[in-house]
Structure formats: structure tokens, C-alpha cells
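Student: Got a structure for you, questions after.
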Amino acid sequence: MSNVIVCDHPLVQHKISLLRDKNTGAKEFRELVQEIAMFMCYEATRDLPLKQVQIETPLGLADSNIISGRKVAFVPIMRAGLGMMEGALALVPAAKVGHIGLYRDEVNGNTTHEYYCKLPFDIANREVIILDPMLATGGSAIKAINIVKNAGAKQIKFMCIITCPEGVKAVQEAHPDVDIITGAIDKGLNEDLYIVPGIGDCGDRLYGTK
């Protein structure tokens with residue numbers, strides 16, 4: 001089964017607490033999502049392979065390490081995943097970026113529909129990190145992972161800020177090879193399929209649309 005890695009760094013946990021506060025305005029909310037994504041990306045890229053090279057410093061030669069082989073692609077799930085994009089790119093500015101647009105069926109909340117997809121042409125040769133602040137039912141995550149796998153990607157991780165047991169279980173069952181990096185595992189889903197206690201509707205809070 002896929003690994004579930006909870007980023008327990010004090011700065012991540014502190015910022016998630018601020019993110020949860022219903023009184024946090026859209027500007028601060030956007031900044032917090034970006035900052036959390038940057039810190040979490042550190043954990044998501046921890047296992048990138050290294051190779052040793054020799055670097056000439058002003059004072060001599062140094063045996064140093066650089067990233068070897070796998071390059072990174074970030075794929076945010078629109079629209080809320082876009083809020084994590086700048087933070088992730090701040091840590092890995094050379095990464096390529098794809099976009100997947102999904103929306104949840106209003107009648108059947110477990111069904112998601114694709115309305116947009118544009119991925120890097122060489123995605124099969126990259127480690128792909130899918131970005132979405134919330135992993136709730138798992139429907140969008142599973143759909144996005146299917147799309148990326150169908151494009152040829154083999155090294156895939158899913159990075160979210162908040163999840164719950166239902167979402168983790170769904171992704172693990174559908175894609176046991178995909179690791180999940182998260183900032184918190186909350187209690188569960190309510191009848192409207194929102195994570196409780198969660199942070200509310202992340203897209204609405206990011207963009208001030210409600």
C-alpha cells in the first residue's frame with residue numbers, strides 16, 4: 001500500500017492552524033497555502049536521487065551532490081490546487097507544470113468529470129507531484145492519478161494539506177503505488193462530503209467566491 005507521510009514540522013502545523021480559522025481572510029489564506037505547499041514540497045522531494053560531482057569553488061575543488069536522473073513536474077488539480085503552485089515552484093523552480101481541471105458531480109458527489117488537461121510532453125520521464133489542498137472522498141485524486149498514469153508517468157506522489165481516513169483509503173485501494181504527503185489527517189467527512197473539521201471550501205476561501 002502507498003505510504004502516508006504527515007508533515008509534522010512545527011511551521012507546517014502552525015500555519016495549518018491559521019488556515020483553519022474561519023476569520024482568516026482570502027489574502028492571508030492564499031499566502032498560507034503557498035507557504036505550507038513550499039514546506040511540504042521539501043518532504044515530497046526528500047527521496048530524489050543524487051549523484052556526486054566535483055565543483056570548483058573560489059578556494060579549491062569540492063565533492064558535492066546534485067539531483068540525478070528524475071526531474072520534477074507539478075500537476076495542480078484546478079482550481080484549488082493552483083493555490084499550492086507558487087509555493088511548490090519556489091522550492092523547485094526548474095520543475096515543469098501541468099494542469100488538470102476536474103469538477104465534482106452535483107448529484108453524485110463521488111463522481112468527478114474532467115474539463116481540462118494539459119501535461120508536459122515529457123511527463124513520462126519526470127517524478128510527478130499532484131497538488132490539491134484537500135483529499136476528501138478521493139474521487140478527484142484518483143481521477144487525476146489515472147490521467148497522469150495514462151500519459152505515461154510512473155513516479156507519482158499526491159500532496160495535499162488536509163485529508164481524512166476515507167480519502168486515504170480510497171487512494172490507497174485505487175493506486176497503492178502512489179505516496180500521499182499531507183499536513184493533517186482529520187476526523188472524516190460530513191454528509192456533504194466536506195472534511196471535518198477541515199478548512200471549509202478551499203477554492204472559495206482562496207479566491208473569495210463565497
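Chain lettering (A, B, ...) mirrors the order of the C-alpha cells, residue numbering begins at 1 for each chain separately, and ligand numbering begins at 1 in order of display.
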Considering only helix (DSSP H, G or I) as DSSP defines it on the backbone, what residues of segment 25-55 of chain A qualify? List them as a list in words.
Tutor: Ala26, Lys27, Glu28, Phe29, Arg30, Glu31, Leu32, Val33, Gln34, Glu35, Ile36, Ala37, Met38, Phe39, Met40, Cys41, Tyr42, Glu43 and Ala44 of chain A
Student: Would you save the residues of that selection, restricted to N, CA, C and O atoms, as a PDB file, in the first residue's frame?
Tutor:
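Written file, selection-v1.pdb:
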```
ATOM      1  N   ALA A  26      -9.086  36.073   2.671  1.00  0.00           N
ATOM      2  CA  ALA A  26      -8.621  35.438   1.438  1.00  0.00           C
ATOM      3  C   ALA A  26      -7.143  35.700   1.172  1.00  0.00           C
ATOM      4  O   ALA A  26      -6.408  34.796   0.763  1.00  0.00           O
ATOM      5  N   LYS A  27      -6.672  36.931   1.387  1.00  0.00           N
ATOM      6  CA  LYS A  27      -5.265  37.254   1.125  1.00  0.00           C
ATOM      7  C   LYS A  27      -4.340  36.411   1.989  1.00  0.00           C
ATOM      8  O   LYS A  27      -3.401  35.782   1.496  1.00  0.00           O
ATOM      9  N   GLU A  28      -4.604  36.406   3.302  1.00  0.00           N
ATOM     10  CA  GLU A  28      -3.757  35.621   4.205  1.00  0.00           C
ATOM     11  C   GLU A  28      -3.910  34.132   3.931  1.00  0.00           C
ATOM     12  O   GLU A  28      -2.935  33.379   4.002  1.00  0.00           O
ATOM     13  N   PHE A  29      -5.119  33.710   3.581  1.00  0.00           N
ATOM     14  CA  PHE A  29      -5.365  32.301   3.277  1.00  0.00           C
ATOM     15  C   PHE A  29      -4.506  31.860   2.092  1.00  0.00           C
ATOM     16  O   PHE A  29      -3.867  30.812   2.130  1.00  0.00           O
ATOM     17  N   ARG A  30      -4.483  32.668   1.029  1.00  0.00           N
ATOM     18  CA  ARG A  30      -3.662  32.332  -0.142  1.00  0.00           C
ATOM     19  C   ARG A  30      -2.183  32.247   0.224  1.00  0.00           C
ATOM     20  O   ARG A  30      -1.473  31.339  -0.220  1.00  0.00           O
ATOM     21  N   GLU A  31      -1.723  33.198   1.016  1.00  0.00           N
ATOM     22  CA  GLU A  31      -0.311  33.203   1.419  1.00  0.00           C
ATOM     23  C   GLU A  31       0.030  31.963   2.237  1.00  0.00           C
ATOM     24  O   GLU A  31       1.095  31.351   2.057  1.00  0.00           O
ATOM     25  N   LEU A  32      -0.872  31.579   3.142  1.00  0.00           N
ATOM     26  CA  LEU A  32      -0.631  30.399   3.969  1.00  0.00           C
ATOM     27  C   LEU A  32      -0.580  29.129   3.136  1.00  0.00           C
ATOM     28  O   LEU A  32       0.290  28.266   3.350  1.00  0.00           O
ATOM     29  N   VAL A  33      -1.489  28.983   2.164  1.00  0.00           N
ATOM     30  CA  VAL A  33      -1.493  27.801   1.304  1.00  0.00           C
ATOM     31  C   VAL A  33      -0.174  27.701   0.539  1.00  0.00           C
ATOM     32  O   VAL A  33       0.424  26.623   0.436  1.00  0.00           O
ATOM     33  N   GLN A  34       0.302  28.829   0.019  1.00  0.00           N
ATOM     34  CA  GLN A  34       1.578  28.829  -0.701  1.00  0.00           C
ATOM     35  C   GLN A  34       2.736  28.440   0.216  1.00  0.00           C
ATOM     36  O   GLN A  34       3.600  27.633  -0.163  1.00  0.00           O
ATOM     37  N   GLU A  35       2.754  29.007   1.417  1.00  0.00           N
ATOM     38  CA  GLU A  35       3.845  28.722   2.350  1.00  0.00           C
ATOM     39  C   GLU A  35       3.832  27.265   2.790  1.00  0.00           C
ATOM     40  O   GLU A  35       4.889  26.611   2.856  1.00  0.00           O
ATOM     41  N   ILE A  36       2.643  26.739   3.094  1.00  0.00           N
ATOM     42  CA  ILE A  36       2.543  25.333   3.501  1.00  0.00           C
ATOM     43  C   ILE A  36       2.998  24.420   2.377  1.00  0.00           C
ATOM     44  O   ILE A  36       3.723  23.440   2.604  1.00  0.00           O
ATOM     45  N   ALA A  37       2.588  24.734   1.147  1.00  0.00           N
ATOM     46  CA  ALA A  37       2.987  23.915   0.000  1.00  0.00           C
ATOM     47  C   ALA A  37       4.497  23.894  -0.158  1.00  0.00           C
ATOM     48  O   ALA A  37       5.087  22.855  -0.485  1.00  0.00           O
ATOM     49  N   MET A  38       5.142  25.028   0.060  1.00  0.00           N
ATOM     50  CA  MET A  38       6.602  25.084  -0.069  1.00  0.00           C
ATOM     51  C   MET A  38       7.269  24.189   0.970  1.00  0.00           C
ATOM     52  O   MET A  38       8.166  23.404   0.638  1.00  0.00           O
ATOM     53  N   PHE A  39       6.821  24.269   2.220  1.00  0.00           N
ATOM     54  CA  PHE A  39       7.406  23.429   3.260  1.00  0.00           C
ATOM     55  C   PHE A  39       7.142  21.946   2.989  1.00  0.00           C
ATOM     56  O   PHE A  39       8.025  21.091   3.178  1.00  0.00           O
ATOM     57  N   MET A  40       5.928  21.617   2.540  1.00  0.00           N
ATOM     58  CA  MET A  40       5.578  20.224   2.289  1.00  0.00           C
ATOM     59  C   MET A  40       6.334  19.658   1.091  1.00  0.00           C
ATOM     60  O   MET A  40       6.650  18.464   1.043  1.00  0.00           O
ATOM     61  N   CYS A  41       6.628  20.520   0.127  1.00  0.00           N
ATOM     62  CA  CYS A  41       7.379  20.084  -1.045  1.00  0.00           C
ATOM     63  C   CYS A  41       8.771  19.597  -0.663  1.00  0.00           C
ATOM     64  O   CYS A  41       9.331  18.707  -1.298  1.00  0.00           O
ATOM     65  N   TYR A  42       9.316  20.180   0.391  1.00  0.00           N
ATOM     66  CA  TYR A  42      10.598  19.723   0.931  1.00  0.00           C
ATOM     67  C   TYR A  42      10.522  18.242   1.288  1.00  0.00           C
ATOM     68  O   TYR A  42      11.423  17.451   0.981  1.00  0.00           O
ATOM     69  N   GLU A  43       9.412  17.846   1.925  1.00  0.00           N
ATOM     70  CA  GLU A  43       9.219  16.443   2.303  1.00  0.00           C
ATOM     71  C   GLU A  43       8.948  15.580   1.085  1.00  0.00           C
ATOM     72  O   GLU A  43       9.441  14.450   0.978  1.00  0.00           O
ATOM     73  N   ALA A  44       8.168  16.100   0.137  1.00  0.00           N
ATOM     74  CA  ALA A  44       7.791  15.319  -1.042  1.00  0.00           C
ATOM     75  C   ALA A  44       8.974  15.001  -1.947  1.00  0.00           C
ATOM     76  O   ALA A  44       8.952  14.010  -2.683  1.00  0.00           O
TER      77      ALA A  44
END
```
Student: If we count only C-alpha atoms, what is near Asp132 of chain A at a cut-off of 6 Å, once residues fewer than 3 positions away on the same chain are taken out, given as number ranges by chain?
Tutor: A: 77, 81, 160
Student: Atoms to include: N, CA, C and O atoms. Write the selected residues as a CSV table (one decimal), in the first residue's frame.
Tutor:
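Listing of result.csv after writing:
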```csv
chain,number,residue,atom,x,y,z
A,77,ILE,N,-4.5,20.2,-9.4
A,77,ILE,CA,-5.9,20.0,-9.8
A,77,ILE,C,-6.6,21.3,-9.7
A,77,ILE,O,-6.7,21.9,-8.6
A,81,GLY,N,-6.0,23.5,-6.4
A,81,GLY,CA,-4.6,23.1,-6.5
A,81,GLY,C,-3.7,24.2,-7.0
A,81,GLY,O,-2.5,24.2,-6.7
A,160,CYS,N,-1.3,17.0,-0.4
A,160,CYS,CA,-2.4,17.7,0.0
A,160,CYS,C,-2.1,18.3,1.4
A,160,CYS,O,-1.2,17.9,2.1
```
Student: Go through A:Gly101, A:Gly208, A:Glu127, A:Ala80 one by one, measure the shortest atom-to-atom distance of each to Ser68 of chain A using only C-alpha atoms, and give the residue with the smallest value.
Tutor: A:Glu127
Student: Write out as a Markdown table a residue-level contact list of segment 59-109 of chain A versus segment 136-151 of chain A with cut-off 10 Å: for each qualifying residue the closest pair of atoms and the distance in Å to one decimal, counting only C-alpha atoms, rows sorted by chain and residue number upward.
Tutor:
```
| residue | atom | partner | partner_atom | distance |
| --- | --- | --- | --- | --- |
| A:Val75 | CA | A:Val148 | CA | 8.8 |
| A:Pro76 | CA | A:Ala144 | CA | 9.2 |
| A:Ile77 | CA | A:Ala144 | CA | 7.4 |
| A:Gly98 | CA | A:Val148 | CA | 9.6 |
| A:His99 | CA | A:Ala144 | CA | 9.7 |
| A:Ile100 | CA | A:Ala144 | CA | 6.9 |
| A:Gly101 | CA | A:Ala144 | CA | 8.8 |
| A:Leu102 | CA | A:Ser140 | CA | 6.8 |
| A:Tyr103 | CA | A:Ser140 | CA | 7.8 |
| A:Arg104 | CA | A:Ser140 | CA | 7.7 |
| A:Gly109 | CA | A:Thr137 | CA | 8.4 |
```
Student: Which of these, A:Leu19, A:Val53, A:Leu189, A:Leu135, has the shortest distance to Gln172 of chain A once you count only C-alpha atoms?
Tutor: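 Ranked by minimum distance to Gln172 of chain A, first place goes to A:Leu135.
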Student: Neighbouring residues of Asp177 of chain A were defined as those with any atom within 10 Å, considering only C-alpha atoms; residues of the same chain fewer than 4 positions away were excluded. Please report them as a PyMOL selection string.
Tutor: chain A and resi 1-3+154-157+171-173
Student: So which residues touch Ala73 of chain A within 6 Å, counting only C-alpha atoms, skipping near sequence neighbours fewer than 5 positions away, as a list of chain:residue names?
Tutor: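 Residues near the query, excluding close chain neighbours: A:Ala95, A:Lys96, A:Val97, A:Val128.
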Student: For Ser17 of chain A, find every residue with an atom within 12 Å (counting only C-alpha atoms), except residues of its own chain fewer than 2 positions away, and show them as a PDB file with all heavy atoms, in the first residue's frame.
Tutor:
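Output (selection16.pdb):
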```
ATOM      1  N   PRO A  10       6.853  21.880  12.915  1.00  0.00           N
ATOM      2  CA  PRO A  10       6.105  22.886  13.673  1.00  0.00           C
ATOM      3  C   PRO A  10       5.581  24.046  12.818  1.00  0.00           C
ATOM      4  O   PRO A  10       4.468  24.539  13.057  1.00  0.00           O
ATOM      5  CB  PRO A  10       7.127  23.381  14.711  1.00  0.00           C
ATOM      6  CG  PRO A  10       8.039  22.212  14.911  1.00  0.00           C
ATOM      7  CD  PRO A  10       8.143  21.556  13.568  1.00  0.00           C
ATOM      8  N   LEU A  11       6.351  24.494  11.830  1.00  0.00           N
ATOM      9  CA  LEU A  11       5.887  25.603  10.997  1.00  0.00           C
ATOM     10  C   LEU A  11       4.683  25.196  10.160  1.00  0.00           C
ATOM     11  O   LEU A  11       3.741  25.979   9.976  1.00  0.00           O
ATOM     12  CB  LEU A  11       7.021  26.091  10.091  1.00  0.00           C
ATOM     13  CG  LEU A  11       8.128  26.902  10.775  1.00  0.00           C
ATOM     14  CD1 LEU A  11       9.252  27.187   9.797  1.00  0.00           C
ATOM     15  CD2 LEU A  11       7.578  28.202  11.343  1.00  0.00           C
ATOM     16  N   VAL A  12       4.691  23.965   9.635  1.00  0.00           N
ATOM     17  CA  VAL A  12       3.555  23.477   8.864  1.00  0.00           C
ATOM     18  C   VAL A  12       2.325  23.395   9.747  1.00  0.00           C
ATOM     19  O   VAL A  12       1.227  23.854   9.380  1.00  0.00           O
ATOM     20  CB  VAL A  12       3.873  22.112   8.232  1.00  0.00           C
ATOM     21  CG1 VAL A  12       2.628  21.501   7.595  1.00  0.00           C
ATOM     22  CG2 VAL A  12       4.973  22.243   7.184  1.00  0.00           C
ATOM     23  N   GLN A  13       2.473  22.814  10.929  1.00  0.00           N
ATOM     24  CA  GLN A  13       1.331  22.650  11.825  1.00  0.00           C
ATOM     25  C   GLN A  13       0.780  24.003  12.292  1.00  0.00           C
ATOM     26  O   GLN A  13      -0.433  24.196  12.396  1.00  0.00           O
ATOM     27  CB  GLN A  13       1.727  21.783  13.020  1.00  0.00           C
ATOM     28  CG  GLN A  13       2.100  20.348  12.644  1.00  0.00           C
ATOM     29  CD  GLN A  13       0.975  19.654  11.887  1.00  0.00           C
ATOM     30  OE1 GLN A  13      -0.187  19.682  12.300  1.00  0.00           O
ATOM     31  NE2 GLN A  13       1.300  19.047  10.751  1.00  0.00           N
ATOM     32  N   HIS A  14       1.668  24.943  12.555  1.00  0.00           N
ATOM     33  CA  HIS A  14       1.237  26.285  12.965  1.00  0.00           C
ATOM     34  C   HIS A  14       0.435  26.957  11.853  1.00  0.00           C
ATOM     35  O   HIS A  14      -0.644  27.525  12.097  1.00  0.00           O
ATOM     36  CB  HIS A  14       2.464  27.129  13.315  1.00  0.00           C
ATOM     37  CG  HIS A  14       2.157  28.568  13.607  1.00  0.00           C
ATOM     38  ND1 HIS A  14       1.604  28.987  14.788  1.00  0.00           N
ATOM     39  CD2 HIS A  14       2.322  29.685  12.838  1.00  0.00           C
ATOM     40  CE1 HIS A  14       1.435  30.302  14.750  1.00  0.00           C
ATOM     41  NE2 HIS A  14       1.862  30.748  13.575  1.00  0.00           N
ATOM     42  N   LYS A  15       0.926  26.869  10.629  1.00  0.00           N
ATOM     43  CA  LYS A  15       0.263  27.535   9.507  1.00  0.00           C
ATOM     44  C   LYS A  15      -1.066  26.856   9.170  1.00  0.00           C
ATOM     45  O   LYS A  15      -2.023  27.525   8.752  1.00  0.00           O
ATOM     46  CB  LYS A  15       1.197  27.586   8.304  1.00  0.00           C
ATOM     47  CG  LYS A  15       2.367  28.536   8.507  1.00  0.00           C
ATOM     48  CD  LYS A  15       3.349  28.504   7.353  1.00  0.00           C
ATOM     49  CE  LYS A  15       4.567  29.366   7.647  1.00  0.00           C
ATOM     50  NZ  LYS A  15       4.247  30.808   7.810  1.00  0.00           N
ATOM     51  N   LEU A  19      -4.760  28.476   8.934  1.00  0.00           N
ATOM     52  CA  LEU A  19      -5.573  28.205   7.749  1.00  0.00           C
ATOM     53  C   LEU A  19      -6.978  27.769   8.141  1.00  0.00           C
ATOM     54  O   LEU A  19      -7.971  28.123   7.490  1.00  0.00           O
ATOM     55  CB  LEU A  19      -4.901  27.100   6.929  1.00  0.00           C
ATOM     56  CG  LEU A  19      -5.221  26.985   5.442  1.00  0.00           C
ATOM     57  CD1 LEU A  19      -4.725  28.193   4.672  1.00  0.00           C
ATOM     58  CD2 LEU A  19      -4.587  25.710   4.884  1.00  0.00           C
ATOM     59  N   ARG A  20      -7.096  27.013   9.213  1.00  0.00           N
ATOM     60  CA  ARG A  20      -8.401  26.507   9.659  1.00  0.00           C
ATOM     61  C   ARG A  20      -9.315  27.626  10.168  1.00  0.00           C
ATOM     62  O   ARG A  20     -10.537  27.509  10.076  1.00  0.00           O
ATOM     63  CB  ARG A  20      -8.206  25.483  10.781  1.00  0.00           C
ATOM     64  CG  ARG A  20      -7.552  24.177  10.368  1.00  0.00           C
ATOM     65  CD  ARG A  20      -7.568  23.239  11.557  1.00  0.00           C
ATOM     66  NE  ARG A  20      -6.789  22.025  11.375  1.00  0.00           N
ATOM     67  CZ  ARG A  20      -7.238  20.917  10.771  1.00  0.00           C
ATOM     68  NH1 ARG A  20      -8.456  20.911  10.247  1.00  0.00           N
ATOM     69  NH2 ARG A  20      -6.471  19.842  10.683  1.00  0.00           N
ATOM     70  N   ASP A  21      -8.739  28.678  10.701  1.00  0.00           N
ATOM     71  CA  ASP A  21      -9.516  29.739  11.360  1.00  0.00           C
ATOM     72  C   ASP A  21     -10.492  30.377  10.370  1.00  0.00           C
ATOM     73  O   ASP A  21     -10.089  30.891   9.332  1.00  0.00           O
ATOM     74  CB  ASP A  21      -8.546  30.788  11.901  1.00  0.00           C
ATOM     75  CG  ASP A  21      -9.227  31.805  12.807  1.00  0.00           C
ATOM     76  OD1 ASP A  21     -10.462  32.000  12.693  1.00  0.00           O
ATOM     77  OD2 ASP A  21      -8.523  32.416  13.628  1.00  0.00           O
ATOM     78  N   LYS A  22     -11.764  30.365  10.693  1.00  0.00           N
ATOM     79  CA  LYS A  22     -12.782  30.911   9.792  1.00  0.00           C
ATOM     80  C   LYS A  22     -12.632  32.412   9.598  1.00  0.00           C
ATOM     81  O   LYS A  22     -13.182  32.980   8.650  1.00  0.00           O
ATOM     82  CB  LYS A  22     -14.180  30.587  10.319  1.00  0.00           C
ATOM     83  CG  LYS A  22     -14.553  31.294  11.616  1.00  0.00           C
ATOM     84  CD  LYS A  22     -15.970  30.952  12.037  1.00  0.00           C
ATOM     85  CE  LYS A  22     -16.384  31.714  13.295  1.00  0.00           C
ATOM     86  NZ  LYS A  22     -17.775  31.384  13.687  1.00  0.00           N
ATOM     87  N   ASN A  23     -11.885  33.067  10.478  1.00  0.00           N
ATOM     88  CA  ASN A  23     -11.695  34.514  10.368  1.00  0.00           C
ATOM     89  C   ASN A  23     -10.498  34.900   9.506  1.00  0.00           C
ATOM     90  O   ASN A  23     -10.245  36.085   9.290  1.00  0.00           O
ATOM     91  CB  ASN A  23     -11.526  35.125  11.769  1.00  0.00           C
ATOM     92  CG  ASN A  23     -12.778  34.967  12.609  1.00  0.00           C
ATOM     93  OD1 ASN A  23     -13.886  35.243  12.152  1.00  0.00           O
ATOM     94  ND2 ASN A  23     -12.605  34.504  13.842  1.00  0.00           N
ATOM     95  N   THR A  24      -9.755  33.911   9.005  1.00  0.00           N
ATOM     96  CA  THR A  24      -8.626  34.192   8.120  1.00  0.00           C
ATOM     97  C   THR A  24      -9.154  34.633   6.758  1.00  0.00           C
ATOM     98  O   THR A  24      -9.909  33.911   6.111  1.00  0.00           O
ATOM     99  CB  THR A  24      -7.730  32.942   7.963  1.00  0.00           C
ATOM    100  OG1 THR A  24      -7.186  32.599   9.247  1.00  0.00           O
ATOM    101  CG2 THR A  24      -6.588  33.206   6.997  1.00  0.00           C
ATOM    102  N   PHE A  29      -5.119  33.710   3.581  1.00  0.00           N
ATOM    103  CA  PHE A  29      -5.365  32.301   3.277  1.00  0.00           C
ATOM    104  C   PHE A  29      -4.506  31.860   2.092  1.00  0.00           C
ATOM    105  O   PHE A  29      -3.867  30.812   2.130  1.00  0.00           O
ATOM    106  CB  PHE A  29      -6.851  32.085   2.976  1.00  0.00           C
ATOM    107  CG  PHE A  29      -7.281  30.646   2.922  1.00  0.00           C
ATOM    108  CD1 PHE A  29      -7.756  30.006   4.060  1.00  0.00           C
ATOM    109  CD2 PHE A  29      -7.221  29.930   1.729  1.00  0.00           C
ATOM    110  CE1 PHE A  29      -8.151  28.679   4.021  1.00  0.00           C
ATOM    111  CE2 PHE A  29      -7.616  28.605   1.683  1.00  0.00           C
ATOM    112  CZ  PHE A  29      -8.090  27.978   2.825  1.00  0.00           C
ATOM    113  N   LEU A  32      -0.872  31.579   3.142  1.00  0.00           N
ATOM    114  CA  LEU A  32      -0.631  30.399   3.969  1.00  0.00           C
ATOM    115  C   LEU A  32      -0.580  29.129   3.136  1.00  0.00           C
ATOM    116  O   LEU A  32       0.290  28.266   3.350  1.00  0.00           O
ATOM    117  CB  LEU A  32      -1.734  30.278   5.039  1.00  0.00           C
ATOM    118  CG  LEU A  32      -1.661  31.267   6.194  1.00  0.00           C
ATOM    119  CD1 LEU A  32      -2.976  31.286   6.965  1.00  0.00           C
ATOM    120  CD2 LEU A  32      -0.500  30.928   7.129  1.00  0.00           C
ATOM    121  N   VAL A  33      -1.489  28.983   2.164  1.00  0.00           N
ATOM    122  CA  VAL A  33      -1.493  27.801   1.304  1.00  0.00           C
ATOM    123  C   VAL A  33      -0.174  27.701   0.539  1.00  0.00           C
ATOM    124  O   VAL A  33       0.424  26.623   0.436  1.00  0.00           O
ATOM    125  CB  VAL A  33      -2.696  27.834   0.333  1.00  0.00           C
ATOM    126  CG1 VAL A  33      -2.545  26.766  -0.753  1.00  0.00           C
ATOM    127  CG2 VAL A  33      -3.995  27.609   1.097  1.00  0.00           C
ATOM    128  N   ILE A  36       2.643  26.739   3.094  1.00  0.00           N
ATOM    129  CA  ILE A  36       2.543  25.333   3.501  1.00  0.00           C
ATOM    130  C   ILE A  36       2.998  24.420   2.377  1.00  0.00           C
ATOM    131  O   ILE A  36       3.723  23.440   2.604  1.00  0.00           O
ATOM    132  CB  ILE A  36       1.096  25.000   3.932  1.00  0.00           C
ATOM    133  CG1 ILE A  36       0.727  25.748   5.221  1.00  0.00           C
ATOM    134  CG2 ILE A  36       0.922  23.494   4.138  1.00  0.00           C
ATOM    135  CD1 ILE A  36      -0.759  25.752   5.530  1.00  0.00           C
ATOM    136  N   ILE A 161      -2.930  19.313   1.759  1.00  0.00           N
ATOM    137  CA  ILE A 161      -2.733  19.939   3.063  1.00  0.00           C
ATOM    138  C   ILE A 161      -3.549  19.230   4.136  1.00  0.00           C
ATOM    139  O   ILE A 161      -3.069  19.017   5.250  1.00  0.00           O
ATOM    140  CB  ILE A 161      -3.095  21.437   2.991  1.00  0.00           C
ATOM    141  CG1 ILE A 161      -2.124  22.151   2.034  1.00  0.00           C
ATOM    142  CG2 ILE A 161      -3.043  22.086   4.380  1.00  0.00           C
ATOM    143  CD1 ILE A 161      -2.467  23.608   1.784  1.00  0.00           C
ATOM    144  N   ILE A 162      -4.778  18.855   3.793  1.00  0.00           N
ATOM    145  CA  ILE A 162      -5.668  18.174   4.740  1.00  0.00           C
ATOM    146  C   ILE A 162      -6.270  16.946   4.061  1.00  0.00           C
ATOM    147  O   ILE A 162      -6.660  16.997   2.894  1.00  0.00           O
ATOM    148  CB  ILE A 162      -6.841  19.090   5.180  1.00  0.00           C
ATOM    149  CG1 ILE A 162      -6.328  20.424   5.720  1.00  0.00           C
ATOM    150  CG2 ILE A 162      -7.722  18.371   6.202  1.00  0.00           C
ATOM    151  CD1 ILE A 162      -5.775  20.388   7.099  1.00  0.00           C
ATOM    152  N   GLY A 183      -0.560  17.371   5.438  1.00  0.00           N
ATOM    153  CA  GLY A 183      -0.236  18.111   6.646  1.00  0.00           C
ATOM    154  C   GLY A 183      -1.050  17.667   7.842  1.00  0.00           C
ATOM    155  O   GLY A 183      -0.654  17.883   8.989  1.00  0.00           O
ATOM    156  N   ALA A 184      -2.217  17.037   7.591  1.00  0.00           N
ATOM    157  CA  ALA A 184      -3.072  16.590   8.696  1.00  0.00           C
ATOM    158  C   ALA A 184      -4.076  15.572   8.191  1.00  0.00           C
ATOM    159  O   ALA A 184      -4.539  15.647   7.050  1.00  0.00           O
ATOM    160  CB  ALA A 184      -3.811  17.778   9.318  1.00  0.00           C
ATOM    161  N   PRO A 197     -12.754  18.477  10.947  1.00  0.00           N
ATOM    162  CA  PRO A 197     -13.149  19.889  10.945  1.00  0.00           C
ATOM    163  C   PRO A 197     -12.664  20.656   9.718  1.00  0.00           C
ATOM    164  O   PRO A 197     -13.250  21.666   9.364  1.00  0.00           O
ATOM    165  CB  PRO A 197     -12.507  20.437  12.220  1.00  0.00           C
ATOM    166  CG  PRO A 197     -11.325  19.556  12.448  1.00  0.00           C
ATOM    167  CD  PRO A 197     -11.730  18.195  11.977  1.00  0.00           C
ATOM    168  N   GLY A 198     -11.582  20.199   9.075  1.00  0.00           N
ATOM    169  CA  GLY A 198     -11.159  20.735   7.798  1.00  0.00           C
ATOM    170  C   GLY A 198     -10.870  22.220   7.793  1.00  0.00           C
ATOM    171  O   GLY A 198     -10.503  22.827   8.811  1.00  0.00           O
ATOM    172  N   ILE A 199     -11.058  22.823   6.611  1.00  0.00           N
ATOM    173  CA  ILE A 199     -10.835  24.271   6.446  1.00  0.00           C
ATOM    174  C   ILE A 199     -11.971  24.911   5.657  1.00  0.00           C
ATOM    175  O   ILE A 199     -11.862  26.052   5.207  1.00  0.00           O
ATOM    176  CB  ILE A 199      -9.480  24.558   5.745  1.00  0.00           C
ATOM    177  CG1 ILE A 199      -9.400  23.851   4.394  1.00  0.00           C
ATOM    178  CG2 ILE A 199      -8.318  24.168   6.635  1.00  0.00           C
ATOM    179  CD1 ILE A 199      -8.153  24.188   3.584  1.00  0.00           C
TER     180      ILE A 199
END
```
Student: Quick one: distance from atom CA of Asp179 of chain A to atom CA of Pro120 of chain A in Å, one decimal?
Tutor: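 Between these atoms lies a distance of 21.0 Å.
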Student: Please return, as an NGL selection string, all residues of segment 21-168 of chain A that DSSP assigns to strand (DSSP E or B) on the basis of the backbone.
Tutor: :A and (50-57 or 60-67 or 71-78 or 96-97 or 99-104 or 112-118 or 126-131 or 134-135 or 155-159 or 162-163)
Student: Could you please determine the separation between atom CA of Gly188 of chain A and atom CA of Ile5 of chain A in Å, to one decimal place?
Tutor: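 Atom-to-atom, atom CA of Gly188 of chain A to atom CA of Ile5 of chain A, that is 17.7 Å.
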Student: Which residue is closest to Gly83 of chain A? Choose from A:Met134, A:Ile67, A:Leu61, A:Cys117 and count only C-alpha atoms.
Tutor: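 Looking at the shortest contact to Gly83 of chain A, the residue is A:Met134.
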